[in-house]
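Q: My structure is stored as data34.txt, with compact mmCIF, C-alpha atoms.
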```txt
# COMPACT_ATOMS: atom_id res chain seq x y z
CA MET A 1 18.06 50.74 33.07
CA LEU A 2 15.44 49.71 30.50
CA GLN A 3 17.86 46.99 29.41
CA GLN A 4 16.87 45.11 32.59
CA LEU A 5 13.28 45.09 31.36
CA ILE A 6 14.37 43.80 27.95
CA ASP A 7 16.39 41.07 29.67
CA LEU A 8 13.12 39.99 31.28
CA GLY A 9 11.57 39.68 27.82
CA VAL A 10 9.50 42.87 27.92
CA LEU A 11 9.77 45.96 25.71
CA ALA A 12 7.96 49.01 27.11
CA PHE A 13 7.30 51.75 24.58
CA ARG A 14 5.30 54.90 24.02
CA GLN A 15 3.49 56.04 20.92
CA ILE A 16 3.27 59.37 19.14
CA ASN A 17 -0.03 60.21 17.51
CA SER A 18 -0.66 61.98 14.22
CA ARG A 19 -0.36 65.38 15.93
CA GLY A 20 3.15 64.58 17.12
CA SER A 21 2.30 64.37 20.82
CA PHE A 22 2.49 61.34 23.08
CA LYS A 23 -0.49 59.04 23.35
CA PRO A 24 -1.35 58.53 27.01
CA HIS A 25 0.29 55.79 29.01
CA VAL A 26 2.35 52.85 27.83
CA SER A 27 2.39 49.70 25.69
CA LEU A 28 4.21 46.40 26.26
CA LYS A 29 5.60 44.04 23.64
CA PHE A 30 6.64 40.50 24.59
CA MET A 31 6.65 36.93 23.28
CA SER A 32 3.94 34.48 24.28
CA ALA A 33 4.77 30.97 25.47
CA GLU A 34 3.94 29.79 21.92
CA GLY A 35 6.54 32.17 20.46
CA ARG A 36 4.14 34.78 19.14
CA SER A 37 4.94 38.50 19.34
CA VAL A 38 2.19 40.14 21.42
CA THR A 39 1.46 43.80 22.20
CA PHE A 40 -0.79 45.02 25.02
CA SER A 41 -1.59 48.74 25.24
CA ILE A 42 -2.46 49.89 28.75
CA ASP A 43 -5.11 52.51 29.56
CA THR A 44 -4.56 54.32 26.29
CA THR A 45 -6.53 55.66 23.35
CA ARG A 46 -7.16 53.60 20.23
CA ASN A 47 -4.92 53.67 17.18
CA PRO A 48 -6.61 54.88 13.98
CA ARG A 49 -8.14 52.07 11.92
CA LYS A 50 -5.54 52.45 9.18
CA CYS A 51 -2.77 51.62 11.67
CA LEU A 52 -1.78 48.24 13.03
CA GLN A 53 -3.60 47.46 16.27
CA PRO A 54 -2.25 45.98 19.51
CA ASP A 55 -3.47 42.54 20.47
CA ALA A 56 -5.39 44.09 23.37
CA TYR A 57 -6.30 47.46 24.87
CA LEU A 58 -6.27 46.78 28.61
CA ILE A 59 -8.70 49.10 30.45
CA THR A 60 -8.11 48.93 34.20
CA HIS A 61 -11.21 50.96 35.13
CA ALA A 62 -13.69 53.53 33.86
CA HIS A 63 -12.27 56.84 35.11
CA SER A 64 -11.72 59.21 32.20
CA ASP A 65 -7.96 59.60 32.72
CA HIS A 66 -7.58 55.90 31.82
CA ASN A 67 -9.04 56.49 28.35
CA GLY A 68 -11.71 53.80 28.24
CA LYS A 69 -13.99 56.19 26.33
CA SER A 70 -11.74 55.70 23.31
CA ALA A 71 -10.52 52.12 23.82
CA MET A 72 -14.02 50.76 24.49
CA LEU A 73 -14.86 51.18 20.80
CA SER A 74 -12.25 48.63 19.74
CA GLU A 75 -13.08 44.94 19.46
CA ARG A 76 -9.67 44.38 21.06
CA ALA A 77 -10.62 46.18 24.26
CA LEU A 78 -10.45 44.13 27.45
CA CYS A 79 -11.92 45.02 30.83
CA SER A 80 -14.14 43.70 33.60
CA ASP A 81 -17.89 43.33 33.11
CA LYS A 82 -18.57 46.13 35.61
CA THR A 83 -16.10 48.47 33.92
CA ALA A 84 -17.79 47.81 30.57
CA LYS A 85 -21.20 48.65 32.07
CA VAL A 86 -19.91 51.88 33.59
CA LEU A 87 -18.24 52.93 30.34
CA GLU A 88 -21.53 52.46 28.50
CA MET A 89 -23.48 54.35 31.15
CA ARG A 90 -21.03 57.25 31.33
CA TYR A 91 -20.44 57.74 27.63
CA GLY A 92 -23.61 56.46 25.96
CA LYS A 93 -21.69 54.17 23.62
CA THR A 94 -21.69 50.40 23.14
CA TYR A 95 -18.66 48.60 24.52
CA LYS A 96 -17.25 46.47 21.68
CA GLY A 97 -14.49 44.49 23.34
CA SER A 98 -14.18 41.40 25.54
CA ILE A 99 -15.15 41.23 29.21
CA MET A 100 -14.40 39.02 32.17
CA GLY A 101 -15.15 39.04 35.87
CA VAL A 102 -12.68 40.28 38.45
CA CYS A 103 -10.61 37.31 39.73
CA ASP A 104 -11.18 35.59 36.40
CA SER A 105 -9.02 34.62 33.40
CA ILE A 106 -9.28 34.94 29.62
CA GLU A 107 -7.22 33.89 26.60
CA VAL A 108 -5.87 36.79 24.52
CA ALA A 109 -3.51 36.13 21.58
CA ASP A 110 -2.31 32.82 23.05
CA VAL A 111 -1.76 34.48 26.43
CA THR A 112 -3.71 33.57 29.56
CA VAL A 113 -4.54 36.85 31.28
CA HIS A 114 -5.67 36.72 34.92
CA THR A 115 -7.53 39.54 36.66
CA PHE A 116 -7.43 40.74 40.27
CA SER A 117 -9.31 43.39 42.20
CA THR A 118 -7.51 46.62 43.11
CA GLY A 119 -10.32 48.04 45.28
CA HIS A 120 -10.13 51.41 43.52
CA THR A 121 -13.64 51.39 42.02
CA PRO A 122 -16.25 48.67 41.53
CA GLY A 123 -14.84 46.56 38.71
CA SER A 124 -11.34 48.03 38.78
CA THR A 125 -8.94 45.38 37.57
CA ALA A 126 -5.27 44.46 37.62
CA PHE A 127 -4.06 42.27 34.74
CA TYR A 128 -1.45 39.51 35.19
CA TRP A 129 0.23 37.17 32.69
CA GLU A 130 3.53 35.44 31.92
CA ASN A 131 5.70 35.75 28.82
CA ASP A 132 7.77 33.12 27.00
CA VAL A 133 10.62 33.17 29.53
CA GLY A 134 8.29 32.94 32.53
CA THR A 135 8.43 36.63 33.49
CA ARG A 136 5.37 37.45 35.59
CA ILE A 137 3.89 40.77 34.49
CA LEU A 138 1.35 42.71 36.56
CA VAL A 139 -0.49 45.88 35.49
CA THR A 140 -2.36 47.44 38.43
CA GLY A 141 -4.06 50.63 37.26
CA ASP A 142 -5.02 52.71 40.31
CA VAL A 143 -4.96 50.85 43.62
CA LYS A 144 -6.77 51.17 46.94
CA ASP A 145 -6.44 47.62 48.26
CA PRO A 146 -3.43 45.58 47.04
CA SER A 147 -4.10 42.58 49.28
CA MET A 148 -5.39 40.42 46.40
CA LEU A 149 -2.53 41.18 43.99
CA PRO A 150 0.00 38.43 43.15
CA LYS A 151 3.78 38.71 43.34
CA CYS A 152 5.38 39.60 40.03
CA ASP A 153 8.67 40.18 38.21
CA VAL A 154 7.58 43.26 36.23
CA LEU A 155 5.18 45.73 37.84
CA ILE A 156 3.37 48.46 35.87
CA THR A 157 1.73 50.75 38.42
CA GLU A 158 0.52 54.20 39.44
CA ALA A 159 1.73 57.11 41.56
CA ASN A 160 -1.30 59.36 42.02
CA TYR A 161 -0.05 60.03 45.56
CA GLY A 162 3.50 58.82 45.05
CA ASP A 163 5.59 61.92 45.80
CA PRO A 164 7.39 61.31 49.13
CA GLY A 165 8.25 65.02 49.39
CA ASP A 166 4.62 66.18 49.20
CA THR A 167 2.72 66.25 52.49
CA THR A 168 -0.61 65.77 50.66
CA CYS A 169 0.62 62.30 49.61
CA TYR A 170 0.42 61.10 53.23
CA PHE A 171 -3.05 60.39 54.58
CA GLU A 172 -5.31 57.92 56.34
CA ASP A 173 -9.02 57.50 55.77
CA ASP A 174 -11.03 59.15 58.54
CA VAL A 175 -13.59 56.37 58.94
CA ALA A 176 -14.02 57.26 62.62
CA GLY A 177 -14.89 60.83 61.67
CA LEU A 178 -17.49 59.61 59.19
CA GLU A 179 -18.98 57.28 61.82
CA GLN A 180 -19.20 60.12 64.35
CA LEU A 181 -20.92 62.33 61.79
CA LEU A 182 -23.57 59.69 61.10
CA GLU A 183 -24.20 59.28 64.84
CA GLU A 184 -24.58 63.01 65.49
CA SER A 185 -26.88 64.06 62.65
CA SER A 186 -29.72 62.46 60.69
CA CYS A 187 -29.69 65.10 57.97
CA VAL A 188 -26.25 64.98 56.32
CA ALA A 189 -25.14 65.50 52.73
CA LEU A 190 -21.87 63.96 51.57
CA GLY A 191 -20.19 65.32 48.44
CA ALA A 192 -18.74 62.47 46.39
CA TYR A 193 -18.06 62.04 42.67
CA ALA A 194 -20.74 59.99 40.91
CA PHE A 195 -18.48 57.11 39.91
CA GLY A 196 -16.12 55.53 42.40
CA LYS A 197 -16.32 57.82 45.41
CA ALA A 198 -20.13 57.71 45.71
CA GLN A 199 -20.10 53.91 45.75
CA ARG A 200 -17.25 53.88 48.26
CA VAL A 201 -19.21 56.18 50.57
CA VAL A 202 -22.33 54.01 50.37
CA GLU A 203 -20.24 50.90 51.03
CA LEU A 204 -18.55 52.55 54.01
CA VAL A 205 -21.69 53.85 55.69
CA ARG A 206 -23.35 50.45 55.31
CA SER A 207 -20.30 48.79 56.87
CA LEU A 208 -20.63 51.24 59.78
CA GLY A 209 -24.14 49.99 60.48
CA TYR A 210 -26.18 52.71 58.78
CA ASP A 211 -29.15 50.80 57.34
CA ASP A 212 -31.60 53.64 56.73
CA VAL A 213 -32.50 54.97 53.29
CA ILE A 214 -29.85 56.95 51.37
CA GLU A 215 -30.87 59.59 48.83
CA MET A 216 -28.59 60.02 45.82
CA GLU A 217 -28.24 62.31 42.81
CA ALA A 218 -29.56 60.65 39.64
CA LYS A 219 -26.30 59.56 37.97
CA SER A 220 -24.78 58.43 41.27
CA LEU A 221 -27.94 56.44 41.97
CA GLU A 222 -27.96 54.80 38.54
CA LEU A 223 -24.34 53.71 38.84
CA THR A 224 -24.72 52.52 42.42
CA ARG A 225 -27.75 50.37 41.67
CA CYS A 226 -25.99 48.87 38.65
CA ILE A 227 -22.57 47.97 40.06
CA LEU A 228 -22.65 47.94 43.86
CA GLU A 229 -23.82 44.83 45.67
CA GLY A 230 -25.23 45.46 49.14
CA ALA A 231 -26.10 49.10 48.50
CA GLY A 232 -29.31 48.69 50.49
CA ASN A 233 -32.20 51.11 50.16
CA VAL A 234 -30.95 53.88 47.86
CA VAL A 235 -33.40 56.30 46.23
CA GLY A 236 -33.43 59.57 44.31
CA LEU A 237 -33.14 62.99 45.94
CA GLY A 238 -36.33 63.95 47.78
CA GLU A 239 -37.88 60.48 47.55
CA ALA A 240 -37.35 59.84 51.27
CA GLY A 241 -38.50 63.30 52.36
CA GLY A 242 -35.04 64.86 52.46
CA ASN A 243 -34.44 64.39 56.20
CA THR A 244 -31.86 61.63 55.75
CA LEU A 245 -28.35 60.94 54.55
CA CYS A 246 -27.81 61.94 50.92
CA VAL A 247 -24.86 61.53 48.55
CA VAL A 248 -24.37 64.02 45.71
CA PRO A 249 -21.44 65.31 43.63
CA PRO A 250 -19.57 68.07 45.52
CA TRP A 251 -20.84 70.81 43.18
CA ASP A 252 -24.46 69.87 43.99
CA LEU A 253 -24.12 70.52 47.72
CA ASP A 254 -25.14 74.17 47.21
CA ARG A 255 -28.51 73.04 45.84
CA LEU A 256 -29.52 71.27 49.02
CA ALA A 257 -31.49 72.79 51.92
CA TRP A 258 -29.56 75.27 54.05
CA HIS A 259 -30.15 73.29 57.27
CA THR A 260 -28.43 70.19 55.86
CA SER A 261 -24.98 69.47 57.27
CA LYS A 262 -22.66 69.34 54.24
CA TYR A 263 -19.27 67.67 53.87
CA VAL A 264 -16.99 66.72 51.01
CA MET A 265 -15.49 63.24 50.94
CA SER A 266 -11.95 64.25 50.02
CA GLY A 267 -8.55 65.12 51.40
CA ARG A 268 -8.55 68.29 49.32
CA SER A 269 -8.93 71.61 51.14
CA ASP A 270 -10.13 73.80 48.25
CA PHE A 271 -13.85 73.10 48.70
CA ARG A 272 -16.09 75.58 50.51
CA TYR A 273 -17.41 72.83 52.78
CA PRO A 274 -15.45 70.89 55.41
CA SER A 275 -13.94 67.66 54.18
CA ILE A 276 -13.62 64.17 55.56
CA GLN A 277 -10.60 62.23 54.29
CA ILE A 278 -11.93 59.29 52.31
CA SER A 279 -9.72 58.30 49.38
CA ASP A 280 -9.94 55.80 46.54
CA HIS A 281 -6.13 55.57 46.42
CA LEU A 282 -3.16 54.43 48.45
CA ASP A 283 -0.92 57.15 49.84
CA VAL A 284 2.84 57.07 49.23
CA ARG A 285 3.38 54.75 52.18
CA GLY A 286 0.74 52.36 50.90
CA LEU A 287 2.20 52.39 47.41
CA THR A 288 5.65 51.68 48.80
CA ASP A 289 4.31 48.84 50.95
CA MET A 290 2.56 47.42 47.87
CA VAL A 291 5.81 47.30 45.91
CA HIS A 292 7.51 45.62 48.85
CA GLN A 293 4.68 43.06 49.01
CA LEU A 294 4.74 42.32 45.26
CA ASP A 295 8.57 42.18 45.18
CA PRO A 296 9.13 42.94 41.47
CA GLU A 297 12.53 42.86 39.79
CA PHE A 298 11.56 45.94 37.80
CA THR A 299 8.82 48.58 38.13
CA VAL A 300 7.42 51.00 35.55
CA VAL A 301 5.40 53.91 36.97
CA TYR A 302 3.08 54.90 34.14
CA HIS A 303 0.38 57.13 35.66
CA PRO A 304 -0.62 59.96 36.13
CA GLY A 305 0.76 62.84 34.08
CA GLY A 306 3.11 65.31 35.71
CA HIS A 307 6.02 64.80 38.08
CA ARG A 308 4.67 62.20 40.50
CA PRO A 309 5.63 59.07 38.51
CA GLY A 310 9.21 60.32 38.37
CA ARG A 311 9.27 61.15 42.07
CA PHE A 312 7.89 57.74 43.00
CA ALA A 313 10.30 55.89 40.69
CA ALA A 314 13.21 57.80 42.25
CA HIS A 315 11.89 56.90 45.70
CA LEU A 316 11.76 53.22 44.75
CA ASN A 317 15.31 53.34 43.38
CA TYR A 318 16.49 54.92 46.64
CA LEU A 319 14.90 52.00 48.51
CA GLY A 320 16.70 49.48 46.29
CA TYR A 321 13.94 48.67 43.80
CA ASP A 322 14.83 49.12 40.12
CA ALA A 323 12.22 51.45 38.63
CA VAL A 324 11.61 53.97 35.85
CA SER A 325 8.80 56.42 35.21
CA ILE A 326 6.97 56.80 31.93
CA ASP A 327 8.91 59.94 30.97
CA MET A 328 12.14 57.89 31.00
CA ILE A 329 10.87 55.45 28.35
CA ASP A 330 12.63 56.48 25.17
CA ASN A 331 11.33 53.67 22.94
CA VAL A 332 8.92 55.75 20.86
CA LEU A 333 6.85 54.61 17.89
CA ARG A 334 4.47 56.51 15.67
CA ASN A 335 0.96 55.16 15.06
CA ASP A 336 1.83 54.27 11.47
CA PHE A 337 4.79 52.12 12.60
CA PHE A 338 2.88 50.42 15.37
```
Before we go any further, please render this structure as structure tokens.
A:
Amino acid sequence: MLQQLIDLGVLAFRQINSRGSFKPHVSLKFMSAEGRSVTFSIDTTRNPRKCLQPDAYLITHAHSDHNGKSAMLSERALCSDKTAKVLEMRYGKTYKGSIMGVCDSIEVADVTVHTFSTGHTPGSTAFYWENDVGTRILVTGDVKDPSMLPKCDVLITEANYGDPGDTTCYFEDDVAGLEQLLEESSCVALGAYAFGKAQRVVELVRSLGYDDVIEMEAKSLELTRCILEGAGNVVGLGEAGGNTLCVVPPWDLDRLAWHTSKYVMSGRSDFRYPSIQISDHLDVRGLTDMVHQLDPEFTVVYHPGGHRPGRFAAHLNYLGYDAVSIDMIDNVLRNDFF
């Protein structure tokens, strides 16, 4: 089936590192319109300096499972300006690559790369370009809102909740439940991870008309002030007197006053506190609808680890879309041959 991808002028391959195990995620080799051989590595760790480098390390966003902590140290890294800021804040290192805005374009190795928002985190970016034969290639990273994404011929995408046989991969955000909670209590703590989920929660409660002060844990506050427009009046824990809405990582809920109503912003059921379904991802129905909307000739499901990419690729094939998962890519190169 990978021959179809080659016929479209794209070679997808994986790399093996010096320890003999797979580097995370996937790389693409293609020809530019000017006839130059170009390689883009997607959400993966850097190659050692002694090895040949790709033309670009594409970093879709700053969550750790997309390996920006490593790739950000290469001058060939490419991500949005917000993603670069978050990487620096989270890891205390200087981002050394190139940046652009979301919904922007940049020239990389004679290739014009366009960026689009995926709605997953502030600054999360899909990358789009064309090769020498006019094949339109789109790399999404993780997706929450695909409405801005362009149609493509080759789609490189995720399957965090892509298993159609798993009931936990079907969900809808309980925005109404969150709104009711805000109406019923003035002293509520919401458990949300510092990057991504915390900003989504602030954005949601503001959209629901909550304009009072919000207290936040220090790292969540720093990130929110830096990357979220329209956050409103957000302050540190205790700075508003404590009798207000506060947003902290789930593991910090125990540290708050006993009389505070505590909830976790997640679909998971393994927390000690009740949860409200608020996700940063599409469920399997949303992912399927996205593929239908983008209408690719071929799809590669490259993320996350485990069985879900394979399950989602099989689901797409059943629906008539040609697709493979990352574990089916048998073009493997070692670092020293890269």
Q: For A:Gly191, please output as a VMD selection string all residues within 9 Å (counting only C-alpha atoms; exclusion window: fewer than 2 positions along the same chain).
A: chain A and resid 189 193 197 to 198 246 to 253 262 to 266 275
Q: Mind checking which residues fall within 6 Å of A:Val113, counting only C-alpha atoms, ignoring those fewer than 5 positions away in the same chain, and posting them as a list in words?
A: Ser105, Ile106, Tyr128 and Trp129 of chain A
Q: Would you output that residue set with C-alpha atoms, as an mmCIF file, keeping the file's coordinate frame?
A:
```cif
data_model
loop_
_atom_site.group_PDB
_atom_site.id
_atom_site.type_symbol
_atom_site.label_atom_id
_atom_site.label_comp_id
_atom_site.auth_asym_id
_atom_site.auth_seq_id
_atom_site.Cartn_x
_atom_site.Cartn_y
_atom_site.Cartn_z
ATOM 1 C CA SER A 105 -9.020 34.620 33.400
ATOM 2 C CA ILE A 106 -9.280 34.940 29.620
ATOM 3 C CA TYR A 128 -1.450 39.510 35.190
ATOM 4 C CA TRP A 129 0.230 37.170 32.690
#
```
Q: List as a PyMOL selection string the protein and nucleic acid residues near A:Arg225, meaning an atom at most 9 Å away when only C-alpha atoms are counted, but skip any in the same chain fewer than 5 places from it.
A: chain A and resi 220+231+234
Q: Calculate how many Å separate atom CA of A:Tyr273 from atom CA of A:Thr260, rounding to one decimal.
A: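 A separation of 11.7 Å between them.
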Q: Counting all atoms listed in the file, which residue out of A:Val300, A:Ile326, A:Val143, A:Val86 sits closest to A:Leu282?
A: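 Counting all atoms listed in the file, the residue closest to A:Leu282 is A:Val143.
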Q: Up to 12 Å from (8.9, 32.6, 28.4) in the file's coordinates: name the residues, counting only C-alpha atoms, as a ChimeraX atom specification.
A: /A:7-10,30-37,111,129-137
Q: Compile the contact shell of stretch 50-64 of chain A as an NGL selection string: residues with an atom at most 8 Å away, counting all atoms listed in the file, same-chain residues fewer than 5 positions apart removed.
A: :A and (38-44 or 69 or 71 or 74 or 76-80 or 83-84 or 86-87 or 108-109 or 121 or 123-127 or 140-142 or 195 or 335-338)
Q: Measuring between all atoms listed in the file, which one of A:Asp163, A:Asp254, A:Glu179, A:Asp153 shows the shortest distance to A:Arg285?
A: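 So, comparing all the options, the nearest one is A:Asp163.
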Q: Would you mind telling me which residue in A:Arg46, A:Leu11, A:Ala218, A:Leu149 lies nearest to A:Lys29 when using all atoms listed in the file?
A: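 Under the stated criterion, the closest residue is A:Leu11.
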Q: Once you count only C-alpha atoms, what closest atom pair and distance in Å to one decimal does each residue of stretch 79-181 of chain A within 7 Å of stretch 294-299 of chain A have, with rows by chain and rising residue number, as JSON lines?
A:
```
{"residue": "A:Pro150", "atom": "CA", "partner": "A:Leu294", "partner_atom": "CA", "distance": 6.5}
{"residue": "A:Lys151", "atom": "CA", "partner": "A:Leu294", "partner_atom": "CA", "distance": 4.2}
{"residue": "A:Cys152", "atom": "CA", "partner": "A:Pro296", "partner_atom": "CA", "distance": 5.2}
{"residue": "A:Asp153", "atom": "CA", "partner": "A:Pro296", "partner_atom": "CA", "distance": 4.3}
{"residue": "A:Val154", "atom": "CA", "partner": "A:Phe298", "partner_atom": "CA", "distance": 5.0}
{"residue": "A:Leu155", "atom": "CA", "partner": "A:Thr299", "partner_atom": "CA", "distance": 4.6}
{"residue": "A:Ile156", "atom": "CA", "partner": "A:Thr299", "partner_atom": "CA", "distance": 5.9}
```
Q: Hey, can you check how far atom CA of A:Val235 sits from atom CA of A:Met89?
A: 18.2 Å
Q: Quick one, how far is atom CA of A:Gln15 from atom CA of A:Pro146?
A: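 Here the two named atoms are 29.0 Å from each other.
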Q: Could you check which of A:Asp327, A:Gly241, A:Asp145, A:Asp211 is closest to A:Pro122, using only C-alpha atoms?
A: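 Closest to A:Pro122 of all the choices is A:Asp145.
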Q: At a cut-off of 8 Å from (7.9, 55.1, 40.3) in the coordinates of the file, what residues are picked up using all atoms listed in the file, written as number ranges by chain?
A: A: 157-159, 162, 299-302, 308-316, 323-325
Q: Will you model N, CA and C atoms for stretch 222-240 of chain A and pass it back as a compact mmCIF listing (two decimals), in the frame of the given file?
A:
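Result saved to selection25.txt:
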```txt
# COMPACT_ATOMS: atom_id res chain seq x y z
N GLU A 222 -27.95 55.76 39.64
CA GLU A 222 -27.96 54.80 38.54
C GLU A 222 -26.74 53.89 38.59
N LEU A 223 -25.57 54.49 38.79
CA LEU A 223 -24.34 53.71 38.84
C LEU A 223 -24.31 52.79 40.05
N THR A 224 -24.75 53.31 41.19
CA THR A 224 -24.72 52.52 42.42
C THR A 224 -25.62 51.31 42.32
N ARG A 225 -26.83 51.49 41.82
CA ARG A 225 -27.75 50.37 41.67
C ARG A 225 -27.22 49.32 40.69
N CYS A 226 -26.46 49.77 39.69
CA CYS A 226 -25.99 48.87 38.65
C CYS A 226 -24.78 48.04 39.08
N ILE A 227 -23.87 48.62 39.86
CA ILE A 227 -22.57 47.97 40.06
C ILE A 227 -22.21 47.67 41.50
N LEU A 228 -23.03 48.14 42.46
CA LEU A 228 -22.65 47.94 43.86
C LEU A 228 -23.58 46.95 44.55
N GLU A 229 -23.04 45.79 44.90
CA GLU A 229 -23.82 44.83 45.67
C GLU A 229 -23.92 45.32 47.11
N GLY A 230 -25.07 45.08 47.74
CA GLY A 230 -25.23 45.46 49.14
C GLY A 230 -25.42 46.94 49.36
N ALA A 231 -25.90 47.66 48.34
CA ALA A 231 -26.10 49.10 48.50
C ALA A 231 -27.27 49.41 49.43
N GLY A 232 -28.17 48.45 49.62
CA GLY A 232 -29.31 48.69 50.49
C GLY A 232 -30.34 49.58 49.83
N ASN A 233 -31.10 50.27 50.65
CA ASN A 233 -32.20 51.11 50.16
C ASN A 233 -31.65 52.47 49.71
N VAL A 234 -31.41 52.61 48.42
CA VAL A 234 -30.95 53.88 47.86
C VAL A 234 -32.02 54.40 46.91
N VAL A 235 -32.33 55.69 47.02
CA VAL A 235 -33.40 56.30 46.23
C VAL A 235 -32.94 57.65 45.70
N GLY A 236 -33.75 58.26 44.86
CA GLY A 236 -33.43 59.57 44.31
C GLY A 236 -33.60 60.67 45.34
N LEU A 237 -33.04 61.85 45.03
CA LEU A 237 -33.14 62.99 45.94
C LEU A 237 -34.61 63.36 46.16
N GLY A 238 -34.98 63.55 47.43
CA GLY A 238 -36.33 63.95 47.78
C GLY A 238 -37.30 62.81 47.95
N GLU A 239 -36.94 61.61 47.50
CA GLU A 239 -37.88 60.48 47.55
C GLU A 239 -38.10 59.96 48.96
N ALA A 240 -37.19 60.28 49.87
CA ALA A 240 -37.35 59.84 51.27
C ALA A 240 -37.75 61.01 52.17
```
